[in-house]
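Coordinates from model30.cif are shown below (mmCIF, C-alpha atoms).
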data_model
#
loop_
_atom_site.group_PDB
_atom_site.id
_atom_site.type_symbol
_atom_site.label_atom_id
_atom_site.label_comp_id
_atom_site.auth_asym_id
_atom_site.auth_seq_id
_atom_site.Cartn_x
_atom_site.Cartn_y
_atom_site.Cartn_z
ATOM 1 C CA MET A 237 15.097 6.701 32.547
ATOM 2 C CA THR A 238 12.357 4.445 31.192
ATOM 3 C CA LYS A 239 13.729 1.155 29.874
ATOM 4 C CA VAL A 240 11.792 -0.297 26.947
ATOM 5 C CA LEU A 241 11.663 -3.773 25.460
ATOM 6 C CA MET A 242 10.641 -3.333 21.805
ATOM 7 C CA HIS A 243 8.538 -6.295 20.651
ATOM 8 C CA GLY A 244 8.633 -6.267 16.854
ATOM 9 C CA CYS A 245 11.708 -4.059 16.729
ATOM 10 C CA ASN A 246 12.691 -4.775 13.112
ATOM 11 C CA GLY A 247 9.332 -3.964 11.521
ATOM 12 C CA LYS A 248 8.775 -0.574 9.903
ATOM 13 C CA ILE A 249 7.142 0.988 12.946
ATOM 14 C CA GLY A 250 9.539 -0.782 15.301
ATOM 15 C CA ARG A 251 12.450 0.845 13.494
ATOM 16 C CA ALA A 252 10.674 4.211 13.592
ATOM 17 C CA ILE A 253 10.214 3.854 17.355
ATOM 18 C CA THR A 254 13.894 2.973 17.744
ATOM 19 C CA ARG A 255 14.912 6.066 15.793
ATOM 20 C CA LEU A 256 12.646 8.390 17.764
ATOM 21 C CA ILE A 257 13.622 6.971 21.165
ATOM 22 C CA ASN A 258 17.295 7.407 20.278
ATOM 23 C CA GLU A 259 16.582 11.139 20.028
ATOM 24 C CA GLN A 260 15.107 11.353 23.559
ATOM 25 C CA GLU A 261 16.934 11.538 26.874
ATOM 26 C CA ASP A 262 14.338 10.126 29.268
ATOM 27 C CA ILE A 263 13.693 6.791 27.557
ATOM 28 C CA GLU A 264 15.805 4.051 25.960
ATOM 29 C CA ILE A 265 15.369 0.663 24.311
ATOM 30 C CA VAL A 266 17.361 -1.972 26.225
ATOM 31 C CA ALA A 267 16.404 -4.970 24.076
ATOM 32 C CA GLY A 268 14.243 -6.043 21.167
ATOM 33 C CA VAL A 269 12.359 -9.086 19.987
ATOM 34 C CA ASP A 270 11.940 -9.976 16.329
ATOM 35 C CA PRO A 271 12.236 -13.198 14.299
ATOM 36 C CA TYR A 272 14.135 -11.286 11.608
ATOM 37 C CA LEU A 273 17.585 -10.788 13.083
ATOM 38 C CA GLU A 274 19.414 -9.461 10.018
ATOM 39 C CA VAL A 275 18.605 -5.814 10.813
ATOM 40 C CA PRO A 276 21.479 -4.186 12.759
ATOM 41 C CA ASN A 277 20.561 -2.679 16.137
ATOM 42 C CA THR A 278 22.414 -0.983 18.975
ATOM 43 C CA TYR A 279 20.643 -3.214 21.506
ATOM 44 C CA PRO A 280 20.421 -7.019 21.807
ATOM 45 C CA VAL A 281 17.631 -8.653 19.792
ATOM 46 C CA PHE A 282 16.034 -12.017 20.585
ATOM 47 C CA SER A 283 14.032 -14.099 18.120
ATOM 48 C CA THR A 284 11.216 -14.815 20.609
ATOM 49 C CA ILE A 285 9.978 -13.126 23.761
ATOM 50 C CA ASN A 286 10.742 -16.158 25.916
ATOM 51 C CA GLU A 287 14.413 -15.996 24.923
ATOM 52 C CA CYS A 288 14.784 -12.459 26.256
ATOM 53 C CA THR A 289 17.104 -12.173 29.272
ATOM 54 C CA VAL A 290 17.102 -8.367 29.584
ATOM 55 C CA THR A 291 14.909 -6.648 32.166
ATOM 56 C CA ALA A 292 12.792 -3.642 31.205
ATOM 57 C CA ASP A 293 10.255 -1.245 32.716
ATOM 58 C CA VAL A 294 7.691 -1.532 29.900
ATOM 59 C CA ILE A 295 7.133 -3.363 26.613
ATOM 60 C CA ILE A 296 6.011 -1.725 23.384
ATOM 61 C CA ASP A 297 4.435 -4.211 20.987
ATOM 62 C CA PHE A 298 4.169 -3.652 17.249
ATOM 63 C CA SER A 299 4.364 -7.231 16.014
ATOM 64 C CA THR A 300 1.831 -9.694 14.590
ATOM 65 C CA ALA A 301 -1.383 -11.024 16.075
ATOM 66 C CA THR A 302 0.042 -14.546 16.487
ATOM 67 C CA ALA A 303 2.850 -13.198 18.686
ATOM 68 C CA VAL A 304 0.590 -11.355 21.146
ATOM 69 C CA GLY A 305 -0.579 -14.434 23.092
ATOM 70 C CA PRO A 306 2.939 -15.497 24.177
ATOM 71 C CA LEU A 307 3.751 -11.842 24.896
ATOM 72 C CA ILE A 308 0.806 -11.515 27.281
ATOM 73 C CA ASP A 309 1.908 -14.656 29.132
ATOM 74 C CA TYR A 310 5.443 -13.228 29.391
ATOM 75 C CA CYS A 311 4.191 -9.894 30.726
ATOM 76 C CA LYS A 312 2.104 -11.603 33.392
ATOM 77 C CA SER A 313 4.890 -13.926 34.530
ATOM 78 C CA HIS A 314 7.470 -11.094 34.625
ATOM 79 C CA ASN A 315 5.067 -8.413 35.933
ATOM 80 C CA ILE A 316 5.896 -5.972 33.107
ATOM 81 C CA PRO A 317 3.442 -3.357 31.764
ATOM 82 C CA ALA A 318 2.785 -3.542 28.024
ATOM 83 C CA VAL A 319 1.634 -1.175 25.297
ATOM 84 C CA ILE A 320 -0.144 -3.398 22.767
ATOM 85 C CA CYS A 321 -0.332 -1.732 19.353
ATOM 86 C CA THR A 322 -0.756 -4.824 17.169
ATOM 87 C CA THR A 323 -4.081 -5.080 15.325
ATOM 88 C CA GLY A 324 -6.081 -8.037 14.065
ATOM 89 C CA LEU A 325 -6.297 -9.655 17.507
ATOM 90 C CA SER A 326 -8.721 -12.514 18.094
ATOM 91 C CA ASN A 327 -11.477 -12.469 20.683
ATOM 92 C CA GLU A 328 -9.306 -14.824 22.745
ATOM 93 C CA ASP A 329 -6.431 -12.325 22.624
ATOM 94 C CA ILE A 330 -8.712 -9.499 23.746
ATOM 95 C CA THR A 331 -9.983 -11.638 26.605
ATOM 96 C CA ALA A 332 -6.389 -12.445 27.589
ATOM 97 C CA LEU A 333 -5.526 -8.721 27.577
ATOM 98 C CA LYS A 334 -8.441 -7.939 29.853
ATOM 99 C CA ASP A 335 -7.467 -10.767 32.171
ATOM 100 C CA ALA A 336 -3.827 -9.618 32.291
ATOM 101 C CA SER A 337 -4.903 -6.065 33.106
ATOM 102 C CA LYS A 338 -6.198 -7.302 36.445
ATOM 103 C CA THR A 339 -2.600 -7.801 37.609
ATOM 104 C CA ILE A 340 -0.481 -5.524 35.371
ATOM 105 C CA PRO A 341 -1.024 -2.242 33.499
ATOM 106 C CA ILE A 342 -2.028 -2.873 29.866
ATOM 107 C CA PHE A 343 -2.399 -0.132 27.254
ATOM 108 C CA PHE A 344 -4.366 -1.206 24.188
ATOM 109 C CA SER A 345 -5.511 0.890 21.271
ATOM 110 C CA ALA A 346 -6.468 -0.016 17.720
ATOM 111 C CA ASN A 347 -4.653 3.104 16.556
ATOM 112 C CA MET A 348 -1.953 5.111 18.314
ATOM 113 C CA SER A 349 -2.517 8.330 16.345
ATOM 114 C CA LEU A 350 -3.855 11.373 18.190
ATOM 115 C CA GLY A 351 -5.681 12.457 15.045
ATOM 116 C CA VAL A 352 -7.430 9.113 14.577
ATOM 117 C CA ASN A 353 -8.700 9.162 18.133
ATOM 118 C CA LEU A 354 -10.039 12.673 17.554
ATOM 119 C CA LEU A 355 -11.705 11.327 14.395
ATOM 120 C CA ILE A 356 -13.445 8.650 16.475
ATOM 121 C CA ALA A 357 -14.692 11.275 18.933
ATOM 122 C CA LEU A 358 -16.030 13.385 16.034
ATOM 123 C CA ALA A 359 -17.708 10.317 14.523
ATOM 124 C CA LYS A 360 -19.508 9.608 17.778
ATOM 125 C CA ARG A 361 -20.708 13.207 17.980
ATOM 126 C CA ALA A 362 -21.878 13.149 14.369
ATOM 127 C CA THR A 363 -23.753 9.905 15.029
ATOM 128 C CA GLU A 364 -25.521 11.449 18.003
ATOM 129 C CA ILE A 365 -26.799 14.224 15.760
ATOM 130 C CA LEU A 366 -27.437 12.285 12.539
ATOM 131 C CA GLY A 367 -28.375 8.822 13.796
ATOM 132 C CA ASP A 368 -32.116 9.505 13.885
ATOM 133 C CA SER A 369 -32.171 11.535 10.663
ATOM 134 C CA GLY A 370 -31.974 8.743 8.093
ATOM 135 C CA PHE A 371 -28.236 8.961 7.360
ATOM 136 C CA ASP A 372 -26.514 5.797 6.143
ATOM 137 C CA ILE A 373 -23.028 5.180 7.567
ATOM 138 C CA GLU A 374 -20.130 3.739 5.577
ATOM 139 C CA ILE A 375 -16.456 3.385 6.578
ATOM 140 C CA ILE A 376 -13.723 3.147 3.941
ATOM 141 C CA GLU A 377 -10.167 2.367 4.992
ATOM 142 C CA LYS A 378 -7.071 2.273 2.772
ATOM 143 C CA HIS A 379 -3.671 0.761 3.577
ATOM 144 C CA HIS A 380 -0.497 -0.434 1.875
ATOM 145 C CA ASN A 381 -0.391 -3.740 0.037
ATOM 146 C CA GLN A 382 1.629 -5.440 2.769
ATOM 147 C CA LYS A 383 -1.039 -5.124 5.470
ATOM 148 C CA ILE A 384 -2.319 -8.547 6.494
ATOM 149 C CA ASP A 385 -5.585 -7.913 8.363
ATOM 150 C CA ALA A 386 -8.713 -6.443 6.799
ATOM 151 C CA PRO A 387 -10.655 -4.460 7.703
ATOM 152 C CA SER A 388 -8.180 -2.515 9.772
ATOM 153 C CA GLY A 389 -8.388 -2.497 13.541
ATOM 154 C CA THR A 390 -8.981 1.241 13.345
ATOM 155 C CA ALA A 391 -11.970 0.811 11.011
ATOM 156 C CA LEU A 392 -13.485 -1.683 13.437
ATOM 157 C CA ALA A 393 -12.794 0.664 16.364
ATOM 158 C CA ILE A 394 -14.587 3.463 14.510
ATOM 159 C CA ALA A 395 -17.526 1.160 13.757
ATOM 160 C CA ASP A 396 -17.703 -0.006 17.374
ATOM 161 C CA ALA A 397 -17.659 3.578 18.666
ATOM 162 C CA ILE A 398 -20.465 4.531 16.292
ATOM 163 C CA ASN A 399 -22.450 1.407 17.169
ATOM 164 C CA ASP A 400 -22.039 2.079 20.885
ATOM 165 C CA THR A 401 -23.650 5.458 20.265
ATOM 166 C CA LEU A 402 -26.492 3.630 18.487
ATOM 167 C CA ASP A 403 -27.061 1.239 21.415
ATOM 168 C CA ARG A 404 -25.320 -1.611 19.530
ATOM 169 C CA SER A 405 -28.373 -1.875 17.269
ATOM 170 C CA TYR A 406 -26.503 -1.885 13.923
ATOM 171 C CA THR A 407 -24.900 -4.813 12.083
ATOM 172 C CA TYR A 408 -21.691 -4.668 10.021
ATOM 173 C CA ARG A 409 -21.566 -5.369 6.281
ATOM 174 C CA TYR A 410 -18.137 -6.214 4.856
ATOM 175 C CA ASP A 411 -19.130 -7.390 1.373
ATOM 176 C CA ARG A 412 -22.191 -6.499 -0.671
ATOM 177 C CA SER A 413 -21.418 -8.787 -3.625
ATOM 178 C CA THR A 414 -22.946 -11.883 -2.044
ATOM 179 C CA VAL A 415 -26.358 -10.402 -1.172
ATOM 180 C CA ARG A 416 -28.639 -8.806 -3.751
ATOM 181 C CA GLU A 417 -30.922 -6.596 -1.722
ATOM 182 C CA LYS A 418 -31.479 -2.966 -0.862
ATOM 183 C CA ARG A 419 -29.270 -1.570 1.848
ATOM 184 C CA PRO A 420 -30.850 -2.074 5.299
ATOM 185 C CA LYS A 421 -31.032 1.054 7.395
ATOM 186 C CA LYS A 422 -29.460 -0.414 10.491
ATOM 187 C CA GLU A 423 -26.091 -1.437 9.143
ATOM 188 C CA ILE A 424 -22.603 0.027 8.906
ATOM 189 C CA GLY A 425 -20.691 -0.753 5.745
ATOM 190 C CA ILE A 426 -16.956 -1.349 6.232
ATOM 191 C CA HIS A 427 -14.714 -1.499 3.161
ATOM 192 C CA ALA A 428 -10.990 -2.232 2.848
ATOM 193 C CA VAL A 429 -8.669 -1.020 0.080
ATOM 194 C CA ARG A 430 -5.094 -2.345 -0.223
ATOM 195 C CA GLY A 431 -2.514 -0.846 -2.545
ATOM 196 C CA GLY A 432 0.920 0.665 -2.932
ATOM 197 C CA THR A 433 2.481 2.347 0.069
ATOM 198 C CA ILE A 434 -0.609 3.991 1.604
ATOM 199 C CA VAL A 435 0.266 4.471 5.283
ATOM 200 C CA GLY A 436 -3.337 4.715 6.429
ATOM 201 C CA GLU A 437 -6.515 6.530 5.421
ATOM 202 C CA HIS A 438 -9.943 6.343 7.054
ATOM 203 C CA ASP A 439 -13.114 7.988 5.753
ATOM 204 C CA ILE A 440 -16.489 7.934 7.513
ATOM 205 C CA LEU A 441 -19.366 8.739 5.180
ATOM 206 C CA PHE A 442 -22.721 9.896 6.512
ATOM 207 C CA ALA A 443 -25.018 9.739 3.483
ATOM 208 C CA GLY A 444 -28.419 11.361 3.829
ATOM 209 C CA ASN A 445 -31.106 12.595 1.469
ATOM 210 C CA ASP A 446 -29.483 15.173 -0.799
ATOM 211 C CA GLU A 447 -26.583 15.827 1.596
ATOM 212 C CA PHE A 448 -23.409 13.958 2.486
ATOM 213 C CA ILE A 449 -20.830 14.436 5.226
ATOM 214 C CA THR A 450 -17.390 12.812 5.243
ATOM 215 C CA LEU A 451 -14.959 12.740 8.158
ATOM 216 C CA SER A 452 -11.438 11.871 7.050
ATOM 217 C CA HIS A 453 -8.005 11.158 8.469
ATOM 218 C CA GLN A 454 -4.815 10.537 6.506
ATOM 219 C CA ALA A 455 -1.486 9.438 7.923
ATOM 220 C CA THR A 456 1.495 10.275 5.716
ATOM 221 C CA SER A 457 4.136 8.742 7.967
ATOM 222 C CA LYS A 458 4.343 5.827 10.378
ATOM 223 C CA GLU A 459 5.940 8.202 12.884
ATOM 224 C CA VAL A 460 2.482 9.348 14.020
ATOM 225 C CA PHE A 461 1.914 5.831 15.371
ATOM 226 C CA ALA A 462 5.445 5.554 16.738
ATOM 227 C CA ASN A 463 5.118 8.817 18.674
ATOM 228 C CA GLY A 464 1.830 7.676 20.164
ATOM 229 C CA ALA A 465 3.347 4.389 21.298
ATOM 230 C CA ILE A 466 6.251 6.154 23.000
ATOM 231 C CA LYS A 467 3.908 8.540 24.806
ATOM 232 C CA ALA A 468 1.812 5.574 25.914
ATOM 233 C CA ALA A 469 4.882 3.769 27.292
ATOM 234 C CA LYS A 470 5.880 6.796 29.362
ATOM 235 C CA PHE A 471 2.299 7.141 30.566
ATOM 236 C CA LEU A 472 1.908 3.472 31.478
ATOM 237 C CA VAL A 473 5.136 2.692 33.281
ATOM 238 C CA HIS A 474 4.039 3.976 36.697
ATOM 239 C CA LYS A 475 0.342 3.099 36.469
ATOM 240 C CA THR A 476 -1.510 0.617 38.652
ATOM 241 C CA PRO A 477 -2.962 -2.545 37.050
ATOM 242 C CA GLY A 478 -5.776 -1.838 34.633
ATOM 243 C CA LEU A 479 -6.727 -1.610 30.965
ATOM 244 C CA TYR A 480 -5.825 1.789 29.508
ATOM 245 C CA ASP A 481 -6.412 3.347 26.088
ATOM 246 C CA MET A 482 -5.877 6.597 24.197
ATOM 247 C CA ASN A 483 -8.701 8.321 26.061
ATOM 248 C CA HIS A 484 -6.792 7.875 29.325
ATOM 249 C CA LEU A 485 -3.631 9.238 27.721
ATOM 250 C CA LEU A 486 -5.330 12.226 26.100
ATOM 251 C CA ASN A 487 -7.085 13.167 29.344
ATOM 252 C CA SER A 488 -4.063 12.704 31.593
#

Translate the structure of the given file into structure tokens.
Amino acid sequence: MTKVLMHGCNGKIGRAITRLINEQEDIEIVAGVDPYLEVPNTYPVFSTINECTVTADVIIDFSTATAVGPLIDYCKSHNIPAVICTTGLSNEDITALKDASKTIPIFFSANMSLGVNLLIALAKRATEILGDSGFDIEIIEKHHNQKIDAPSGTALAIADAINDTLDRSYTYRYDRSTVREKRPKKEIGIHAVRGGTIVGEHDILFAGNDEFITLSHQATSKEVFANGAIKAAKFLVHKTPGLYDMNHLLNS
């Protein structure tokens, strides 16, 4: 039985993970961490990670970027693997994750959806074929009006994967209103839309001369991310120290 500490247990995805884990026999949540304690749970909930007194095999994190730093320190000091699903992390947080992975297993992905990670793979393949053919590349992401970070971590992951294919030779453009000029060829436009209850949509537009190709992914439920996080926790719990991502999980 895999014992999970749910970091961010009372958020929407945290509650979805709780519900899904309750339906499985080989994994359980033994404690949670969340500053909002008014949500009833069947397990003890602590307001901060450093207050937690319950031992676990692995931590699943769906919290906020400001909470990830203390979580990483906790994981290192308690030697607990962690699945980090929070987006909007700073460069310092990413560096801390990489440093922690030298001593404990860390799973980090900008998006826990199987479909999104397939989308990224398709985008890389499309870039290989279209990159030298004069196609402009634009990424449009849409999320609910409660999402804090913009652009989304997934949009940036898509852009980075495309740019890696292009030898990191492209720059990113987040706002065209401040610069009045023709679109440079070697840039990737990244645009964020916030509204209503959109769970998550990502479109990658390859715009050429007289032809246009769009790769799209739509999530209609937060359970796609919750399921991915649970699979990652089961995958990670017995791994040796290292930095893992969805590619490792999909190829395992």

Given only C-alpha atoms as the counted atoms, nearest of A:Ile340, A:Asp446, A:Leu350, A:Ser345 to Thr476 (chain A): A:Ile340

Of A:Asn483, A:Asn463, A:Ser299, A:Asn315, the one nearest to Glu259 (chain A) when counting only C-alpha atoms is A:Asn463

Expand the PyMOL selection byres ((chain A and resi 281-293) around 10) into the individual residues it matches in the shown file, reporting them as a PyMOL selection string. chain A and resi 237-246+264-280+294-295+303-304+306-311+314-318+469-470+472-474

Can you give me, as JSON, numbers by chain, the residues this file yields under the PyMOL selection byres ((chain A and resi 356) around 9)? {"A": [351, 352, 353, 354, 355, 357, 358, 359, 360, 361, 393, 394, 395, 397, 398]}

Would you output that residue set with C-alpha atoms, as a PDB file, in the coordinates of the input?
ATOM      1  CA  GLY A 351      -5.681  12.457  15.045  1.00  0.00           C
ATOM      2  CA  VAL A 352      -7.430   9.113  14.577  1.00  0.00           C
ATOM      3  CA  ASN A 353      -8.700   9.162  18.133  1.00  0.00           C
ATOM      4  CA  LEU A 354     -10.039  12.673  17.554  1.00  0.00           C
ATOM      5  CA  LEU A 355     -11.705  11.327  14.395  1.00  0.00           C
ATOM      6  CA  ALA A 357     -14.692  11.275  18.933  1.00  0.00           C
ATOM      7  CA  LEU A 358     -16.030  13.385  16.034  1.00  0.00           C
ATOM      8  CA  ALA A 359     -17.708  10.317  14.523  1.00  0.00           C
ATOM      9  CA  LYS A 360     -19.508   9.608  17.778  1.00  0.00           C
ATOM     10  CA  ARG A 361     -20.708  13.207  17.980  1.00  0.00           C
ATOM     11  CA  ALA A 393     -12.794   0.664  16.364  1.00  0.00           C
ATOM     12  CA  ILE A 394     -14.587   3.463  14.510  1.00  0.00           C
ATOM     13  CA  ALA A 395     -17.526   1.160  13.757  1.00  0.00           C
ATOM     14  CA  ALA A 397     -17.659   3.578  18.666  1.00  0.00           C
ATOM     15  CA  ILE A 398     -20.465   4.531  16.292  1.00  0.00           C
TER      16      ILE A 398
END

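Minimum atom-to-atom distances from A:Lys422, A:Arg416, A:His427, A:Arg409 to Ala386 (chain A) were compared using all atoms listed in the file, and the lowest value belongs to A:His427.
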
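Separating CA of Ile257 (chain A) from CA of Ala465 (chain A) is a distance of 10.6 Å.
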
For Ile296 (chain A), the nearest of the candidates A:Asp262, A:Thr456, A:Gly464, A:Leu392, counting all atoms listed in the file: A:Gly464

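Proximity to Phe343 (chain A) was assessed for A:His438, A:Thr302, A:Asp297, A:Leu366 counting all atoms listed in the file; the smallest distance is recorded for A:Asp297.
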
Show me, as a PDB file with C-alpha atoms, in the frame of the given file, the residues that have an atom within 8 Å of Ile376 (chain A) when counting only C-alpha atoms, minus same-chain residues fewer than 2 positions from it.
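See around_23.pdb below for the written result:
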ATOM      1  CA  GLU A 374     -20.130   3.739   5.577  1.00  0.00           C
ATOM      2  CA  LYS A 378      -7.071   2.273   2.772  1.00  0.00           C
ATOM      3  CA  ALA A 391     -11.970   0.811  11.011  1.00  0.00           C
ATOM      4  CA  ILE A 426     -16.956  -1.349   6.232  1.00  0.00           C
ATOM      5  CA  HIS A 427     -14.714  -1.499   3.161  1.00  0.00           C
ATOM      6  CA  ALA A 428     -10.990  -2.232   2.848  1.00  0.00           C
ATOM      7  CA  VAL A 429      -8.669  -1.020   0.080  1.00  0.00           C
ATOM      8  CA  HIS A 438      -9.943   6.343   7.054  1.00  0.00           C
ATOM      9  CA  ASP A 439     -13.114   7.988   5.753  1.00  0.00           C
ATOM     10  CA  ILE A 440     -16.489   7.934   7.513  1.00  0.00           C
TER      11      ILE A 440
END

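Of note, CA of Gln454 (chain A) and CA of Ala362 (chain A) are spaced 19.0 Å apart.
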
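The residue that comes closest to Lys467 (chain A), out of A:Met482, A:Ile249, A:Ile434, A:Ala301 and on the basis of all atoms listed in the file, is A:Met482.
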